[in-house]
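Peer 1: Dropping in final_18.txt, which is compact mmCIF, C-alpha atoms:
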# COMPACT_ATOMS: atom_id res chain seq x y z
CA MET A 35 89.52 145.73 126.69
CA PHE A 36 87.36 146.04 123.61
CA THR A 37 88.90 149.39 122.67
CA CYS A 38 92.35 147.97 123.14
CA GLY A 39 91.47 145.11 120.78
CA ARG A 40 90.16 147.47 118.12
CA GLN A 41 93.27 149.58 118.36
CA ARG A 42 95.41 146.50 117.95
CA LEU A 43 93.40 145.37 114.94
CA LYS A 44 93.74 148.82 113.39
CA LEU A 45 97.47 148.83 113.97
CA PHE A 46 98.04 145.48 112.36
CA GLY A 47 95.40 145.93 109.69
CA PHE A 48 93.50 143.02 108.22
CA GLY A 49 96.56 140.82 108.27
CA LEU A 50 95.77 139.75 111.81
CA THR A 51 93.19 137.09 111.13
CA THR A 52 94.45 134.23 113.17
CA LEU A 53 95.43 133.77 116.76
CA LEU A 54 98.01 131.49 118.27
CA PHE A 55 95.35 129.78 120.27
CA PHE A 56 96.46 126.50 121.75
CA SER A 57 100.02 125.45 121.44
CA THR A 58 101.09 122.49 123.56
CA SER A 59 100.77 118.83 122.66
CA PRO A 60 97.97 116.75 124.13
CA ALA A 61 98.81 114.69 127.21
CA LEU A 62 98.23 111.02 126.56
CA ALA A 63 98.03 109.93 130.19
CA SER A 64 94.66 109.04 131.60
CA ILE A 65 93.63 111.06 134.64
CA GLY A 66 90.82 110.00 136.90
CA ALA A 67 88.98 110.86 140.08
CA GLY A 68 86.91 108.68 142.37
CA VAL A 69 85.00 108.65 145.65
CA GLY A 70 84.28 105.62 147.84
CA ILE A 71 80.74 106.61 148.82
CA GLY A 72 77.97 107.00 146.26
CA GLU A 73 75.38 108.55 148.53
CA ILE A 74 74.98 109.81 152.07
CA LYS A 75 71.48 110.36 153.46
CA VAL A 76 71.26 112.04 156.84
CA MET A 77 68.41 110.38 158.72
CA GLU A 78 67.90 113.01 161.41
CA ARG A 79 66.76 116.60 161.10
CA LEU A 80 69.59 119.05 161.52
CA ALA A 81 69.24 122.18 163.58
CA PRO A 82 70.28 125.66 162.40
CA GLY A 83 73.56 126.61 164.01
CA GLY A 84 74.63 122.97 164.30
CA VAL A 85 77.99 121.56 163.23
CA TYR A 86 77.86 117.90 162.16
CA LEU A 87 80.57 115.43 161.30
CA LEU A 88 79.79 113.27 158.24
CA PRO A 89 81.12 109.73 157.74
CA THR A 90 84.74 109.66 156.67
CA TRP A 91 84.88 110.04 152.91
CA PRO A 92 87.43 108.14 150.78
CA VAL A 93 88.77 109.92 147.70
CA VAL A 94 90.93 108.17 145.13
CA ASN A 95 93.10 108.88 142.10
CA THR A 96 91.93 106.35 139.47
CA GLY A 97 94.21 107.72 136.77
CA ASP A 98 97.58 106.34 135.73
CA THR A 99 99.57 109.41 136.76
CA LYS A 100 100.00 111.65 139.79
CA ALA A 101 97.43 114.45 139.94
CA ASN A 102 96.33 117.38 142.08
CA PHE A 103 92.80 117.33 143.42
CA LYS A 104 90.52 119.85 145.02
CA LEU A 105 87.52 119.04 147.18
CA ILE A 106 84.47 121.21 146.69
CA SER A 107 80.76 121.14 147.40
CA GLU A 108 77.94 122.13 145.10
CA GLY A 109 74.28 122.70 145.86
CA VAL A 110 74.48 124.87 148.97
CA ASP A 111 76.55 127.83 150.13
CA PRO A 112 80.13 126.52 150.07
CA ASN A 113 80.58 127.77 153.65
CA TRP A 114 78.10 125.12 154.84
CA ILE A 115 80.43 122.26 153.91
CA SER A 116 84.04 121.97 155.00
CA PHE A 117 86.70 119.31 154.49
CA SER A 118 89.71 118.29 156.54
CA GLU A 119 91.76 118.99 153.38
CA ASN A 120 90.75 121.16 150.45
CA ASN A 121 93.65 120.45 148.11
CA LEU A 122 95.62 117.24 147.88
CA SER A 123 98.06 115.48 145.63
CA LEU A 124 97.60 111.75 145.02
CA GLU A 125 99.76 109.22 143.22
CA ALA A 126 98.12 106.88 140.69
CA GLY A 127 95.84 104.50 142.59
CA GLU A 128 96.36 106.29 145.92
CA SER A 129 93.39 107.04 148.16
CA ARG A 130 92.90 109.30 151.17
CA MET A 131 90.28 109.42 153.91
CA ILE A 132 88.73 112.86 154.27
CA LYS A 133 86.63 114.23 157.13
CA SER A 134 83.79 116.49 156.11
CA TYR A 135 81.46 118.65 158.16
CA ILE A 136 78.13 120.37 157.71
CA SER A 137 78.18 123.75 159.48
CA LEU A 138 74.72 125.25 159.34
CA PRO A 139 74.45 129.01 159.81
CA LEU A 140 72.24 130.34 162.60
CA THR A 141 69.75 131.51 159.96
CA ALA A 142 69.61 128.30 157.86
CA GLN A 143 66.21 127.86 156.24
CA ALA A 144 64.23 124.71 156.97
CA GLY A 145 64.03 122.27 154.07
CA THR A 146 65.72 119.39 152.30
CA TYR A 147 69.05 120.02 150.62
CA ASN A 148 70.78 118.00 147.90
CA VAL A 149 74.50 118.57 147.75
CA TYR A 150 77.40 117.11 145.77
CA LEU A 151 80.66 116.47 147.58
CA GLU A 152 83.11 116.55 144.72
CA ASN A 153 86.64 115.22 144.27
CA GLN A 154 87.90 117.08 141.21
CA VAL A 155 91.17 116.85 139.33
CA VAL A 156 92.73 120.29 138.89
CA PRO A 157 92.99 120.47 135.08
CA SER A 158 95.85 122.05 133.19
CA GLY A 159 95.65 123.80 129.82
CA PRO A 160 95.60 124.67 127.01
CA VAL A 161 92.27 122.81 127.01
CA GLY A 162 92.32 120.77 130.18
CA ILE A 163 89.60 118.25 130.87
CA GLY A 164 89.19 117.69 134.60
CA PRO A 165 87.34 114.56 135.69
CA ALA A 166 85.43 114.75 138.96
CA ALA A 167 83.57 112.18 141.02
CA ALA A 168 80.87 113.21 143.44
CA THR A 169 79.04 111.80 146.43
CA LYS A 170 75.39 112.77 146.69
CA LEU A 171 74.57 114.18 150.11
CA ARG A 172 71.00 114.71 151.23
CA PHE A 173 69.98 116.31 154.51
CA THR A 174 67.02 118.10 156.03
CA VAL A 175 67.17 121.19 158.17
CA GLY A 176 64.40 121.39 160.75
CA ASP A 177 62.60 124.49 161.96
CA GLY A 178 64.84 126.72 163.97
CA LYS A 179 64.19 127.80 167.55
CA GLY A 180 65.23 131.37 166.93
CA VAL A 181 68.70 132.81 166.90
CA LEU A 182 69.21 132.02 170.60
CA GLY A 183 68.26 128.37 170.01
CA ALA A 184 70.60 128.21 167.00
CA ALA A 185 73.43 129.77 169.01
CA THR A 186 72.87 127.19 171.77
CA GLN A 187 72.95 124.46 169.12
CA ARG A 188 76.23 125.82 167.76
CA PHE A 189 77.73 125.80 171.27
CA TYR A 190 76.49 122.25 171.90
CA SER A 191 77.80 121.05 168.51
CA LEU A 192 81.23 122.52 169.06
CA TYR A 193 81.32 120.95 172.54
CA THR A 194 80.32 117.56 171.08
CA LEU A 195 82.86 117.71 168.27
CA ASN A 196 85.71 118.91 170.49
CA LYS A 197 85.12 116.83 173.61
CA ARG A 198 88.66 115.53 173.78
CA LEU A 199 90.16 118.98 173.60
CA ILE A 200 87.73 120.25 176.22
CA LEU A 201 88.59 117.28 178.45
CA MET A 202 92.26 118.12 178.20
CA LEU A 203 91.55 121.71 179.19
CA PHE A 204 89.45 120.56 182.14
CA LEU A 205 92.17 118.17 183.28
CA LEU A 206 94.78 120.91 183.09
CA LEU A 207 92.50 123.22 185.06
CA ASP A 208 91.91 120.45 187.62
CA LEU A 209 95.62 119.88 188.03
CA GLY A 210 96.11 123.60 188.57
CA ILE A 211 93.41 123.71 191.24
CA VAL A 212 94.79 120.62 193.01
CA TYR A 213 98.27 122.19 192.99
CA PHE A 214 96.83 125.44 194.36
CA ILE A 215 94.97 123.63 197.18
CA ILE A 216 97.99 121.56 198.18
CA LYS A 217 100.22 124.60 198.14
CA LYS A 218 97.79 126.65 200.21
CA TYR A 219 96.57 124.15 202.81
CA PHE A 220 99.28 121.50 203.11
CA LYS A 221 102.96 121.58 203.85
CA VAL A 222 104.90 118.95 201.99
CA SER A 223 108.61 118.68 202.51
CA LEU A 224 110.92 116.28 200.83
CA SER A 225 114.51 115.71 201.80
CA VAL A 226 117.24 113.47 200.48
CA ARG A 227 119.96 112.23 202.82
CA ALA A 228 122.65 109.69 202.39
CA LYS A 229 122.00 106.33 204.16
CA GLU A 230 125.41 106.24 205.84
CA LYS A 231 124.87 109.66 207.33
CA GLU A 232 121.46 108.53 208.62
CA LYS A 233 122.97 105.41 210.27
CA GLU A 234 125.69 107.50 211.86
CA GLU A 235 123.11 109.87 213.30
CA LYS A 236 121.12 106.93 214.73
CA ARG A 237 124.30 105.52 216.32
CA VAL A 238 125.06 108.91 217.89
CA GLN A 239 121.53 109.08 219.25
CA GLU A 240 121.77 105.54 220.70
CA ASP A 241 125.07 106.36 222.37
CA MET B 224 85.96 131.07 206.76
CA VAL B 225 88.99 129.10 205.69
CA GLU B 226 86.96 125.88 205.89
CA ILE B 227 84.22 127.26 203.61
CA LYS B 228 86.78 128.36 201.01
CA LYS B 229 88.36 124.94 201.16
CA ILE B 230 85.03 123.22 200.61
CA ILE B 231 84.17 125.52 197.67
CA GLU B 232 87.48 124.84 195.97
CA ILE B 233 87.14 121.09 196.38
CA ALA B 234 83.55 121.28 195.07
CA ILE B 235 84.73 123.18 191.98
CA CYS B 236 87.38 120.55 191.39
CA ILE B 237 84.86 117.69 191.65
CA THR B 238 82.38 119.50 189.37
CA LEU B 239 85.01 120.01 186.70
CA PHE B 240 85.85 116.30 186.82
CA ILE B 241 82.18 115.36 186.51
CA ILE B 242 81.72 117.61 183.44
CA GLY B 243 84.93 116.61 181.73
CA TRP B 244 84.98 112.90 182.50
CA PRO B 245 82.19 111.70 180.11
CA ALA B 246 84.24 113.06 177.23
CA LEU B 247 86.83 110.41 177.86
CA ALA B 248 84.30 107.64 177.31
CA GLU B 249 82.66 109.06 174.19
CA SER B 250 84.25 109.49 170.80
CA GLU B 251 83.38 112.20 168.27
CA ALA B 252 79.64 112.40 167.71
CA THR B 253 78.49 111.43 164.24
CA LEU B 254 75.16 111.68 162.51
CA LYS B 255 72.63 108.94 161.92
CA VAL B 256 73.08 108.34 158.22
CA THR B 257 72.62 105.73 155.53
CA VAL B 258 75.62 105.33 153.29
CA LYS B 259 76.03 103.59 149.94
CA SER B 260 79.58 102.29 149.90
CA GLU B 261 80.44 102.10 146.22
CA LEU B 262 83.21 103.37 144.02
CA VAL B 263 82.11 106.21 141.78
CA ALA B 264 84.93 107.19 139.45
CA VAL B 265 85.64 108.54 135.99
CA SER B 266 88.80 108.92 133.96
CA ILE B 267 89.51 110.95 130.85
CA ASN B 268 92.01 110.10 128.18
CA PRO B 269 93.59 112.30 126.90
CA SER B 270 93.11 115.00 129.50
CA VAL B 271 94.73 117.85 127.57
CA LEU B 272 93.68 118.91 124.06
CA ASP B 273 95.21 120.99 121.32
CA TYR B 274 92.99 122.96 118.93
CA GLY B 275 95.99 124.65 117.29
CA SER B 276 95.60 128.08 115.68
CA ILE B 277 92.15 129.38 114.94
CA ALA B 278 90.78 132.33 112.97
CA PHE B 279 88.32 134.90 114.34
CA CYS B 280 84.84 133.37 114.14
CA GLY B 281 86.59 130.19 113.07
CA THR B 282 85.72 126.71 114.34
CA LYS B 283 87.90 123.81 115.37
CA ASP B 284 86.81 120.45 116.72
CA THR B 285 88.34 117.32 118.16
CA THR B 286 87.20 114.96 115.42
CA GLY B 287 90.78 113.87 114.88
CA GLN B 288 91.34 113.15 118.55
CA GLN B 289 89.63 110.32 120.36
CA ILE B 290 88.65 111.53 123.84
CA LEU B 291 87.17 108.87 126.08
CA ALA B 292 85.33 109.27 129.35
CA ARG B 293 85.49 105.93 131.17
CA ASN B 294 83.48 104.65 134.13
CA ASP B 295 86.21 103.46 136.53
CA GLY B 296 83.70 102.75 139.28
CA ASN B 297 81.76 99.63 140.21
CA VAL B 298 78.24 101.02 139.72
CA PRO B 299 76.33 102.52 136.78
CA GLU B 300 77.14 106.21 136.52
CA ARG B 301 75.78 109.45 135.19
CA PHE B 302 78.24 111.75 133.44
CA GLU B 303 77.81 115.51 133.46
CA ILE B 304 79.83 118.18 131.71
CA LYS B 305 80.48 121.91 132.14
CA GLY B 306 82.75 124.55 130.65
CA ASP B 307 84.65 127.60 131.80
CA ASP B 308 85.89 130.96 130.54
CA MET B 309 89.08 131.36 128.50
CA TYR B 310 92.06 132.52 130.52
CA MET B 311 95.43 134.00 129.67
CA ALA B 312 97.94 131.14 129.67
CA GLY B 313 99.18 130.41 133.18
CA GLY B 314 97.03 133.13 134.70
CA THR B 315 93.61 133.71 136.15
CA SER B 316 92.51 136.77 134.19
CA VAL B 317 89.65 136.08 131.80
CA ALA B 318 90.47 136.71 128.15
CA TRP B 319 87.19 135.60 126.62
CA SER B 320 83.97 134.71 128.39
CA LEU B 321 82.00 131.57 127.67
CA GLU B 322 78.96 132.11 125.45
CA GLU B 323 76.24 129.80 126.75
CA ASP B 324 73.66 130.47 124.02
CA ALA B 325 73.95 127.94 121.20
CA ASN B 326 72.20 130.27 118.74
CA ALA B 327 74.35 133.32 119.42
CA SER B 328 76.58 134.35 116.53
CA CYS B 329 80.26 134.90 117.22
CA SER B 330 80.91 138.16 119.03
CA VAL B 331 83.75 140.15 120.56
CA ASP B 332 85.56 138.53 123.50
CA LYS B 333 83.00 135.72 123.70
CA PHE B 334 83.68 132.19 122.57
CA LYS B 335 81.49 129.11 122.31
CA HIS B 336 82.58 125.68 123.47
CA LEU B 337 80.35 122.88 122.26
CA TYR B 338 80.02 119.16 122.91
CA THR B 339 78.30 116.72 120.61
CA ILE B 340 75.59 114.24 121.54
CA ASP B 341 73.84 112.22 118.84
CA SER B 342 75.33 114.48 116.15
CA THR B 343 73.86 117.57 117.83
CA ASP B 344 76.14 120.30 119.09
CA ARG B 345 75.24 121.69 122.51
CA PRO B 346 76.94 124.60 124.25
CA LEU B 347 78.93 124.00 127.38
CA THR B 348 77.64 126.10 130.24
CA LYS B 349 79.09 126.94 133.62
CA ALA B 350 76.56 124.62 135.26
CA TYR B 351 76.78 120.86 134.86
CA ALA B 352 74.56 119.26 132.21
CA VAL B 353 73.97 115.51 131.94
CA PHE B 354 75.35 113.97 128.76
CA VAL B 355 75.07 110.26 129.53
CA SER B 356 73.18 108.21 132.12
CA GLY B 357 73.43 104.61 133.20
CA MET B 358 76.98 104.12 131.93
CA GLY B 359 78.01 100.63 133.09
CA SER B 360 81.21 99.83 134.89
CA SER B 361 84.25 100.02 132.55
CA GLY B 362 82.02 101.54 129.87
CA THR B 363 83.37 104.39 127.77
CA TYR B 364 81.80 107.37 126.07
CA PRO B 365 83.53 109.19 123.19
CA LEU B 366 83.59 112.91 123.83
CA ARG B 367 83.64 115.36 120.93
CA LEU B 368 84.30 119.04 121.58
CA LYS B 369 84.19 122.04 119.27
CA VAL B 370 85.28 125.64 119.81
CA VAL B 371 84.03 128.78 118.04
CA ALA B 372 86.35 131.79 118.38
CA PRO B 373 85.12 135.37 118.95
CA SER B 374 84.63 137.83 116.09
CA ALA B 375 87.45 139.87 117.58
CA GLY B 376 89.40 139.76 120.75
CA SER B 377 91.29 142.29 122.80
CA VAL B 378 93.93 139.67 123.51
CA SER B 379 95.87 137.23 121.41
CA GLY B 380 98.45 134.55 122.13
CA SER B 381 98.18 131.33 124.11
CA LEU B 382 94.97 130.92 126.01
CA GLU B 383 93.61 128.22 128.32
CA THR B 384 90.21 126.87 129.14
CA TYR B 385 88.84 123.95 131.12
CA VAL B 386 86.13 121.35 130.74
CA TYR B 387 84.88 119.35 133.71
CA VAL B 388 83.34 115.90 133.51
CA ARG B 389 81.62 114.76 136.69
CA ALA B 390 80.48 111.25 137.56
CA THR B 391 77.76 110.43 140.07
CA ALA B 392 76.01 107.16 140.82
CA SER B 393 73.02 106.74 138.47
As structure tokens, please, write out the structure in this file.

Peer 2:
Amino acid sequence: MFTCGRQRLKLFGFGLTTLLFFSTSPALASIGAGVGIGEIKVMERLAPGGVYLLPTWPVVNTGDTKANFKLISEGVDPNWISFSENNLSLEAGESRMIKSYISLPLTAQAGTYNVYLENQVVPSGPVGIGPAAATKLRFTVGDGKGVLGAATQRFYSLYTLNKRLILMLFLLLDLGIVYFIIKKYFKVSLSVRAKEKEKEEKRVQED
Amino acid sequence: MVEIKKIIEIAICITLFIIGWPALAESEATLKVTVKSELVAVSINPSVLDYGSIAFCGTKDTTGQQILARNDGNVPERFEIKGDDMYMAGGTSVAWSLEEDANASCSVDKFKHLYTIDSTDRPLTKAYAVFVSGMGSSGTYPLRLKVVAPSAGSVSGSLETYVYVRATAS
């Protein structure tokens, strides 16, 4: 890169002293970002391997024009925090409720963590200024019970967070078993006959 | 034998119902937390700047342009600022990297981006730095930026860079 630049400078001589640096006109619209929660403090100790659902988090476009936003976390490994949406587009004044989760790795170190959950406008150049609003998140990770304990915690967390889905699977399984039992041990026969035909048969029998 | 199989199958069925049924009553588990419900928000006007053309090692600032960071929230806020590298227009490849040392002289493929507080220029870094605390609701802060171009660059043409201003509750 450097060599290339020197070659270019040599080629054009000393005449090349300026660069076309920034060319478009400044945008006069105000762009803004907001969050509806200033601070979240988790009151219980979290276990390594656990997956935890945080309170629903409102994000808002406080600017006077439509803008694209990205949701990011800062302060811990980005893989620890996840959002129901990572990129969104909001009209001026529009807000959206976002679900966010803490997913602790099996090897998470014990301690208190301070994290920023950030709603950030995606800036555009040449020199784009992107406003961002952040919620402070504070949580404490307790001592782990080994990798096996953390794995158990992960299994328990996923069960807790996906109970409805698991219930549906159980119900489907139950229905299958009930069908299997009925088919194997009971004989059910259904028949449809016209009423007139039935009456005629009865009359014949009576005669 | 058939009877035992029948009993086992019915037992499995009942067990599955017992395990799955509580899920119907409970909703998604959430944490025990304390939450401060307040609007934390910031807006920038204008959000796109134009430094125009600039010479190698040359400096341009935004003195002629009024840039305002405004507290759009309902609580006092702290504003932080950070910078980024210089990219080729419309792309993601880095043209010049951000020089974070205020005392460094202009060098090849490195540019400085400065912001001014109390008439003192400070370099933007890739980590957030606080530039105002306790900004009241609807309060504004005038932002002044300055760029120092490299001594030489391997690229020329239109370039892009970004500045981020973050608000948190004070």

Peer 1: Just to confirm, what's the straight-line distance from CA of Leu368 (chain B) to CA of Ser342 (chain B) in Å (one decimal)?

Peer 2: 11.4 Å

Peer 1: The residues within 12 Å of (83.3, 123.7, 115.3), using only C-alpha atoms and the coordinates of the file, should be reported as a PDB file with C-alpha atoms, keeping the file's coordinate frame; which are they?

Peer 2:
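Writing the result to selection_5.pdb gives the following:
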ATOM      1  CA  TYR B 274      92.990 122.960 118.930  1.00  0.00           C
ATOM      2  CA  ILE B 277      92.150 129.380 114.940  1.00  0.00           C
ATOM      3  CA  ALA B 278      90.780 132.330 112.970  1.00  0.00           C
ATOM      4  CA  CYS B 280      84.840 133.370 114.140  1.00  0.00           C
ATOM      5  CA  GLY B 281      86.590 130.190 113.070  1.00  0.00           C
ATOM      6  CA  THR B 282      85.720 126.710 114.340  1.00  0.00           C
ATOM      7  CA  LYS B 283      87.900 123.810 115.370  1.00  0.00           C
ATOM      8  CA  ASP B 284      86.810 120.450 116.720  1.00  0.00           C
ATOM      9  CA  THR B 285      88.340 117.320 118.160  1.00  0.00           C
ATOM     10  CA  THR B 286      87.200 114.960 115.420  1.00  0.00           C
ATOM     11  CA  ALA B 325      73.950 127.940 121.200  1.00  0.00           C
ATOM     12  CA  CYS B 329      80.260 134.900 117.220  1.00  0.00           C
ATOM     13  CA  PHE B 334      83.680 132.190 122.570  1.00  0.00           C
ATOM     14  CA  LYS B 335      81.490 129.110 122.310  1.00  0.00           C
ATOM     15  CA  HIS B 336      82.580 125.680 123.470  1.00  0.00           C
ATOM     16  CA  LEU B 337      80.350 122.880 122.260  1.00  0.00           C
ATOM     17  CA  TYR B 338      80.020 119.160 122.910  1.00  0.00           C
ATOM     18  CA  THR B 339      78.300 116.720 120.610  1.00  0.00           C
ATOM     19  CA  THR B 343      73.860 117.570 117.830  1.00  0.00           C
ATOM     20  CA  ASP B 344      76.140 120.300 119.090  1.00  0.00           C
ATOM     21  CA  ARG B 345      75.240 121.690 122.510  1.00  0.00           C
ATOM     22  CA  PRO B 346      76.940 124.600 124.250  1.00  0.00           C
ATOM     23  CA  ARG B 367      83.640 115.360 120.930  1.00  0.00           C
ATOM     24  CA  LEU B 368      84.300 119.040 121.580  1.00  0.00           C
ATOM     25  CA  LYS B 369      84.190 122.040 119.270  1.00  0.00           C
ATOM     26  CA  VAL B 370      85.280 125.640 119.810  1.00  0.00           C
ATOM     27  CA  VAL B 371      84.030 128.780 118.040  1.00  0.00           C
ATOM     28  CA  ALA B 372      86.350 131.790 118.380  1.00  0.00           C
TER      29      ALA B 372
END

Peer 1: Pick out the residues sitting within 6 Å of region 172-184 of chain A, and hand them over as a list of chain:residue names; count all atoms listed in the file, and ignore anything fewer than 3 positions along from it in its own chain.

Peer 2: A:Lys75, A:Val76, A:Arg79, A:Leu80, A:Ala81, A:Pro82, A:Gly83, A:Leu140, A:Ala144, A:Gly145, A:Thr146, A:Tyr147, A:Asn148, A:Gln187

Peer 1: Between B:Pro365, B:Ser330, B:Ile231, B:Leu272, which has the minimum distance to chain A (counting only C-alpha atoms)?

Peer 2: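 Closest residue, counting only C-alpha atoms: B:Leu272.
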
Peer 1: May I ask which of the residues A:Phe189, A:Tyr135, A:Phe204, A:Phe117 is the closest one to chain B, counting all atoms listed in the file?

Peer 2: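 Between A:Phe189, A:Tyr135, A:Phe204, A:Phe117, the residue approaching chain B most closely is A:Phe204.
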
Peer 1: Please measure the separation of CA of Asn121 (chain A) and CA of Ser158 (chain A), giving the value in Å to one decimal.

Peer 2: 15.2 Å

Peer 1: What are the residues of chain B that have an atom within 6 Å of an atom of chain A, counting only C-alpha atoms, as a VMD selection string?

Peer 2: chain B and resid 236 243 246 251 253 255 to 278 376 to 377 379 to 392

Peer 1: Using all atoms listed in the file, find the one residue out of B:Leu321, B:Ile340, B:Leu254, B:Met358 that sits nearest to Arg293 (chain B).

Peer 2: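 That would be B:Met358, the residue with the smallest distance to Arg293 (chain B).
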
Peer 1: Would you kindly return, as a ChimeraX atom specification, each protein, DNA or RNA residue with an atom no farther than 6 Å from any atom of Lys333 (chain B), considering all atoms listed in the file and excluding same-chain residues fewer than 2 positions away?

Peer 2: /B:319-322,330-331,373

Peer 1: With distances taken over only C-alpha atoms, which of A:Leu192, A:Val238, A:Ile136, A:Ala185 is nearest to Asp111 (chain A)?

Peer 2: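 Among the listed residues, the smallest separation from Asp111 (chain A) belongs to A:Ile136.
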
Peer 1: Please, what distance in Å, to one decimal, runs between CA of Val355 (chain B) and CA of Lys100 (chain A)?

Peer 2: 27.0 Å

Peer 1: Mind giving me the axis-aligned box for region 353-365 of chain B with 4 Å on every side, centre plus edges in Å to one decimal, as JSON?

Peer 2:
{"center_x": 78.7, "center_y": 107.7, "center_z": 129.0, "size_x": 19.1, "size_y": 23.7, "size_z": 19.7}
